[in-house]
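Working notes, beginning with the structure itself.
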Amino acid sequence: MSLNFLATRFQCSWPWTTLVMLCDGRIVCGCADPYGKRVLGDARAASVHEIWSGPAIGALRSDLNAGGSKFCGDCPLKLPLKKGDVPVVRPIDAGPLPSRMYVECTAACNISCAQACCAPETGITRTRQAGMLDFDLFRRVIDEAGPSLGRVDFFNYGEAFLHKRAIEMCEYIKSRFPHIYLYTSTNGLALTEAGARRLVHSGIDEVTFSIDGASQETYVKYRQRGDFDKAIANLRAMADEKRAGSRDLPFLNWRYILFKWNDGDEDMHLARRIAADIGVDRLCWELTDHPEDSFSRRFVSGSSDLESIRREIWDDNNLGNAIPGAMPRARIDVRTLVPGLPLIARAGQLVRVRTRVHNLSTRAYPAQATYGRRLVRLGAQLCAADGTLIDRDFARAWLPSALAPGGNADVPIDVPAPNQPGRYTLKFDLVSEGIDWFERCGSPTTTKSLWVRG
């Protein structure tokens with residue numbers, strides 16, 4: 001096909017993995033379509049399989065394989081291709097069902113975020129053919145797609161928990177398909193305390209509260225008509241209920257967008273203290289470039305202030321944490337009989353490496369976790385002699401038990417020597433399984449030379 005109509009060439013992987021169901025049952029291809037302009041089908045009239053395998057998404061995949069599509073319009077999810085780059089070519093047939101879905105309960109919201117595309121004043125609710133997602137439609141879609149789904153994002157535009165059956169929907173997903181990773185993002189204001197506590201027991205895996213300030217004065221400048229104390233009270237209720245039940249789920253995030261009125265040291269330090277007092281799992285900052293007259297000037301790209309919090313920013317990595325001492329950090333000592341000498345092994349031989357792992361943070365590192373996510377293990381990554389990564393998941397070892405703050409443990413790890421003789425490097429790091437490596441948030445790694453003989 002000719003791409004002369006495209007100002008820039010681009011690619012996107014969403015149509016091979018993800019569908020988004022709007023609250024009226026229409027299916028769109030991405031989460032960056034607030035007004036439902038890029039419709040692939042309608043779950044009220046067709047099955048998820050028919051939409052996922054239908055002509056609309058097939059044509060979109062074909063276009064993207066060639067480097068772009070008119071269908072995508074001004075979608076910000078597009079990944080521009082540089083001159084000379086060749087787009088990734090994926091099969092037009094992406095399998096019978098998606099692996100991820102967004103479920104929008106409603107496009108309505110109980111507050112108005114300044115100049116946001118989904119603020120009630122934009123008329124977003126008028127772009128939907130229904131105000132609230134029909135429960136029977138929701139159930140039919142989940143029953144069909146559930147076996148193939150690895151993740152459900154229980155939000156899109158609007159405030160999900162304005163739907164009177166939203167918590168019941170979460171319970172339904174996790175009771176029918178416990179394997180699904182269920183995530184939601186909320187302003188926290190539509191929940192009652194009882195509802196917040198019930199949500200903890202729904203089985204939901206992760207909940208993000210969007211609270212952009214450390215007091216009503218700063219919070220309400222963006223979250224207009226919002227109630228800071230209520231949002232914090234519901235976040236606290238979830239943390240208390242989780243603690244009282246000795247539960248490791250849901251993982252509780254506080255996400256704080258930085259604006260010019262809430263990015264000072266006083267506000268940010270207060271947010272850190274409140275988050276630590278509540279006992280949330282993670283506090284992260286988020287940077288934005290809108291509203292144009294309000295975004296944070298303090299943390300612009302290239303500034304020293306930005307560098308000072310870079311690891312604490314939501315999009316930088318999946319483990320960064322702005323709560324004092326909660327950033328995952330560890331020291332790994334590789335213990336050899338003769339310090340300074342490389343490890344030596346025959347090709348294909350299993351080598352046992354003795355290490356001692358030190359927890360340098362104020363949070364314990366779990367050796368076990370519900371559904372196998374967020375447990376911490378020692379990993380050995382195989383690199384070439386010059387440090388070039390060959391195999392990130394080369395070897396793993398379990399911690400003997402939860403590693404307490406400031407504690408240490410001896411952790412032996414069995415590493416298979418490569419079949420090809422030569423000189424290699426092993427890089428040791430801790431990994432929060434299913435989330436990220438500690439190195440991504442600045443934790444030091446330990447390297448050791450490995451000589452493989454024939």
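Chain labels run A, B, ... following the order of the structure tokens; each chain numbers its residues from 1, and ligands are numbered from 1 in the order shown.
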
What are the DSSP strand (DSSP E) residues of region 221-279 of chain A, as a list in words? Arg223, Gln224, Phe251, Leu252, Asn253, Trp254, Arg255, Tyr256 and Ile257 of chain A

Where does DSSP see alpha helix (DSSP H) in region 106-206 of chain A, if you list the residues as a PyMOL selection string? chain A and resi 135-145+166-176+193-200

Choose the residue, out of A:Asn317, A:Thr370, A:Gln420, A:Thr355, that has the smallest atom-to-atom separation from Trp437 (chain A); count only C-alpha atoms. A:Asn317

List as a PyMOL selection string the protein and nucleic acid residues near region 286-297 of chain A, meaning an atom at most 9 Å away when only C-alpha atoms are counted, but skip any in the same chain fewer than 5 places from it. chain A and resi 114-116+255-263+312-315

Include all heavy atoms and write out the residues we just selected as a short mmCIF file (atom, residue, chain, number, x, y, z; two decimals), in the first residue's frame.
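Below you can see out_13.cif, which holds the result:
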data_model
loop_
_atom_site.label_atom_id
_atom_site.label_comp_id
_atom_site.auth_asym_id
_atom_site.auth_seq_id
_atom_site.Cartn_x
_atom_site.Cartn_y
_atom_site.Cartn_z
N ALA A 114 -8.42 19.61 35.62
CA ALA A 114 -8.22 20.83 34.82
C ALA A 114 -7.70 20.51 33.42
O ALA A 114 -6.64 19.90 33.27
CB ALA A 114 -7.25 21.76 35.55
N GLN A 115 -8.46 20.92 32.42
CA GLN A 115 -8.10 20.81 31.01
C GLN A 115 -7.84 19.37 30.57
O GLN A 115 -7.16 19.13 29.57
CB GLN A 115 -6.88 21.69 30.70
CG GLN A 115 -7.11 23.17 30.94
CD GLN A 115 -5.93 24.02 30.54
OE1 GLN A 115 -5.26 23.77 29.53
NE2 GLN A 115 -5.65 25.05 31.33
N ALA A 116 -8.36 18.39 31.29
CA ALA A 116 -8.19 16.99 30.89
C ALA A 116 -9.18 16.63 29.80
O ALA A 116 -10.31 17.12 29.77
CB ALA A 116 -8.39 16.07 32.10
N ARG A 255 -0.06 7.56 43.14
CA ARG A 255 0.56 8.26 42.01
C ARG A 255 0.22 9.75 42.11
O ARG A 255 -0.94 10.13 42.22
CB ARG A 255 0.08 7.67 40.69
CG ARG A 255 0.75 8.29 39.48
CD ARG A 255 0.53 7.45 38.23
NE ARG A 255 -0.88 7.19 37.97
CZ ARG A 255 -1.32 6.30 37.08
NH1 ARG A 255 -0.46 5.57 36.39
NH2 ARG A 255 -2.62 6.13 36.88
N TYR A 256 1.25 10.57 42.04
CA TYR A 256 1.15 12.00 42.33
C TYR A 256 1.69 12.76 41.12
O TYR A 256 2.89 12.74 40.85
CB TYR A 256 2.00 12.25 43.58
CG TYR A 256 2.10 13.64 44.17
CD1 TYR A 256 1.80 13.85 45.50
CD2 TYR A 256 2.60 14.71 43.44
CE1 TYR A 256 1.96 15.10 46.11
CE2 TYR A 256 2.75 15.97 44.03
CZ TYR A 256 2.43 16.15 45.37
OH TYR A 256 2.59 17.39 45.95
N ILE A 257 0.79 13.41 40.35
CA ILE A 257 1.23 14.20 39.21
C ILE A 257 1.81 15.52 39.71
O ILE A 257 1.23 16.20 40.56
CB ILE A 257 0.06 14.49 38.25
CG1 ILE A 257 -0.59 13.19 37.78
CG2 ILE A 257 0.54 15.29 37.04
CD1 ILE A 257 -1.81 13.40 36.90
N LEU A 258 2.96 15.88 39.19
CA LEU A 258 3.65 17.10 39.61
C LEU A 258 3.21 18.29 38.75
O LEU A 258 3.29 18.24 37.51
CB LEU A 258 5.16 16.92 39.50
CG LEU A 258 5.77 15.92 40.50
CD1 LEU A 258 7.20 15.57 40.11
CD2 LEU A 258 5.71 16.47 41.92
N PHE A 259 2.74 19.32 39.42
CA PHE A 259 2.39 20.58 38.77
C PHE A 259 3.20 21.70 39.42
O PHE A 259 3.91 21.48 40.41
CB PHE A 259 0.89 20.87 38.93
CG PHE A 259 0.00 19.84 38.28
CD1 PHE A 259 -0.67 18.90 39.05
CD2 PHE A 259 -0.15 19.82 36.90
CE1 PHE A 259 -1.50 17.95 38.45
CE2 PHE A 259 -0.97 18.87 36.30
CZ PHE A 259 -1.64 17.94 37.08
N LYS A 260 3.07 22.91 38.90
CA LYS A 260 3.87 24.01 39.42
C LYS A 260 3.44 24.41 40.83
O LYS A 260 4.20 25.06 41.55
CB LYS A 260 3.80 25.22 38.49
CG LYS A 260 2.43 25.86 38.37
CD LYS A 260 2.46 27.03 37.40
CE LYS A 260 1.14 27.76 37.32
NZ LYS A 260 1.18 28.90 36.35
N TRP A 261 2.25 24.00 41.26
CA TRP A 261 1.77 24.35 42.60
C TRP A 261 1.96 23.25 43.65
O TRP A 261 1.70 23.46 44.81
CB TRP A 261 0.28 24.72 42.53
CG TRP A 261 -0.58 23.64 41.93
CD1 TRP A 261 -0.92 22.44 42.48
CD2 TRP A 261 -1.17 23.67 40.65
NE1 TRP A 261 -1.70 21.70 41.61
CE2 TRP A 261 -1.88 22.45 40.48
CE3 TRP A 261 -1.21 24.61 39.61
CZ2 TRP A 261 -2.59 22.15 39.32
CZ3 TRP A 261 -1.93 24.30 38.47
CH2 TRP A 261 -2.60 23.09 38.33
N ASN A 262 2.41 22.05 43.24
CA ASN A 262 2.57 20.97 44.22
C ASN A 262 3.93 20.29 44.13
O ASN A 262 4.11 19.18 44.64
CB ASN A 262 1.46 19.92 44.06
CG ASN A 262 1.56 19.14 42.75
OD1 ASN A 262 2.48 19.33 41.96
ND2 ASN A 262 0.61 18.25 42.52
N ASP A 263 4.89 20.95 43.46
CA ASP A 263 6.19 20.32 43.23
C ASP A 263 7.30 20.87 44.14
O ASP A 263 8.48 20.64 43.89
CB ASP A 263 6.61 20.46 41.77
CG ASP A 263 6.86 21.90 41.34
OD1 ASP A 263 6.58 22.83 42.15
OD2 ASP A 263 7.34 22.12 40.22
N GLU A 312 12.32 7.81 41.04
CA GLU A 312 11.04 7.80 41.74
C GLU A 312 9.87 8.14 40.82
O GLU A 312 8.73 8.21 41.26
CB GLU A 312 11.07 8.82 42.90
CG GLU A 312 12.17 8.57 43.90
CD GLU A 312 12.33 9.70 44.90
OE1 GLU A 312 11.56 10.69 44.80
OE2 GLU A 312 13.21 9.63 45.77
N ILE A 313 10.14 8.33 39.53
CA ILE A 313 9.12 8.71 38.57
C ILE A 313 8.41 7.48 38.03
O ILE A 313 9.05 6.47 37.70
CB ILE A 313 9.74 9.55 37.43
CG1 ILE A 313 10.26 10.87 38.00
CG2 ILE A 313 8.73 9.81 36.33
CD1 ILE A 313 11.07 11.67 37.01
N TRP A 314 7.11 7.56 37.94
CA TRP A 314 6.26 6.42 37.56
C TRP A 314 6.75 5.71 36.30
O TRP A 314 6.83 4.49 36.25
CB TRP A 314 4.84 6.93 37.36
CG TRP A 314 3.84 5.87 37.01
CD1 TRP A 314 3.40 5.54 35.76
CD2 TRP A 314 3.13 5.01 37.91
NE1 TRP A 314 2.48 4.54 35.82
CE2 TRP A 314 2.29 4.19 37.14
CE3 TRP A 314 3.13 4.86 39.30
CZ2 TRP A 314 1.44 3.23 37.70
CZ3 TRP A 314 2.28 3.91 39.86
CH2 TRP A 314 1.46 3.11 39.07
N ASP A 315 7.09 6.46 35.26
CA ASP A 315 7.44 5.86 33.99
C ASP A 315 8.92 5.48 33.86
O ASP A 315 9.32 4.91 32.84
CB ASP A 315 7.08 6.80 32.83
CG ASP A 315 5.58 6.93 32.66
OD1 ASP A 315 4.87 5.94 32.93
OD2 ASP A 315 5.12 8.02 32.25
#

With a distance cut-off of 8 Å and only C-alpha atoms, select the neighbouring residues of Ala237 (chain A), excluding the residue or stretch itself and same-chain residues fewer than 6 positions from it, and output the selection as a ChimeraX atom specification. /A:193,196-197

Those same residues, written as an mmCIF file, in the first residue's frame with N, CA and C atoms?
data_model
loop_
_atom_site.group_PDB
_atom_site.id
_atom_site.type_symbol
_atom_site.label_atom_id
_atom_site.label_comp_id
_atom_site.auth_asym_id
_atom_site.auth_seq_id
_atom_site.Cartn_x
_atom_site.Cartn_y
_atom_site.Cartn_z
ATOM 1 N N GLU A 193 -15.774 3.698 52.773
ATOM 2 C CA GLU A 193 -14.773 2.946 53.521
ATOM 3 C C GLU A 193 -15.066 1.456 53.454
ATOM 4 N N ALA A 196 -14.009 0.226 50.083
ATOM 5 C CA ALA A 196 -12.557 0.131 49.981
ATOM 6 C C ALA A 196 -12.049 -1.142 50.645
ATOM 7 N N ARG A 197 -12.613 -1.456 51.797
ATOM 8 C CA ARG A 197 -12.186 -2.671 52.511
ATOM 9 C C ARG A 197 -12.645 -3.922 51.764
#

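For the residues A:Ser304, A:Gly203, A:Ala322, A:Ile232, ranking by smallest atom-to-atom distance to Met268 (chain A) using only C-alpha atoms places A:Ala322 first.
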
With a distance cut-off of 7 Å and only C-alpha atoms, select the neighbouring residues of region 11-22 of chain A, excluding the residue or stretch itself and same-chain residues fewer than 3 positions from it, and output the selection as a ChimeraX atom specification. /A:25-31,57,61,64,67-68,78-81,87,94,98-104

CA of Phe428 (chain A) to CA of Ala345 (chain A), distance in Å rounded to a single decimal: 17.5 Å

Who sits within 7 Å of region 162-175 of chain A, only C-alpha atoms, same chain under 5 positions skipped, as a ChimeraX atom specification: /A:105-106,132,180,190,199,202-204

At what distance in Å, to one decimal, does CA of Phe135 (chain A) lie from CA of Gly123 (chain A)? 23.8 Å

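One finds CA of Phe154 (chain A) at 15.4 Å from CA of Pro34 (chain A).
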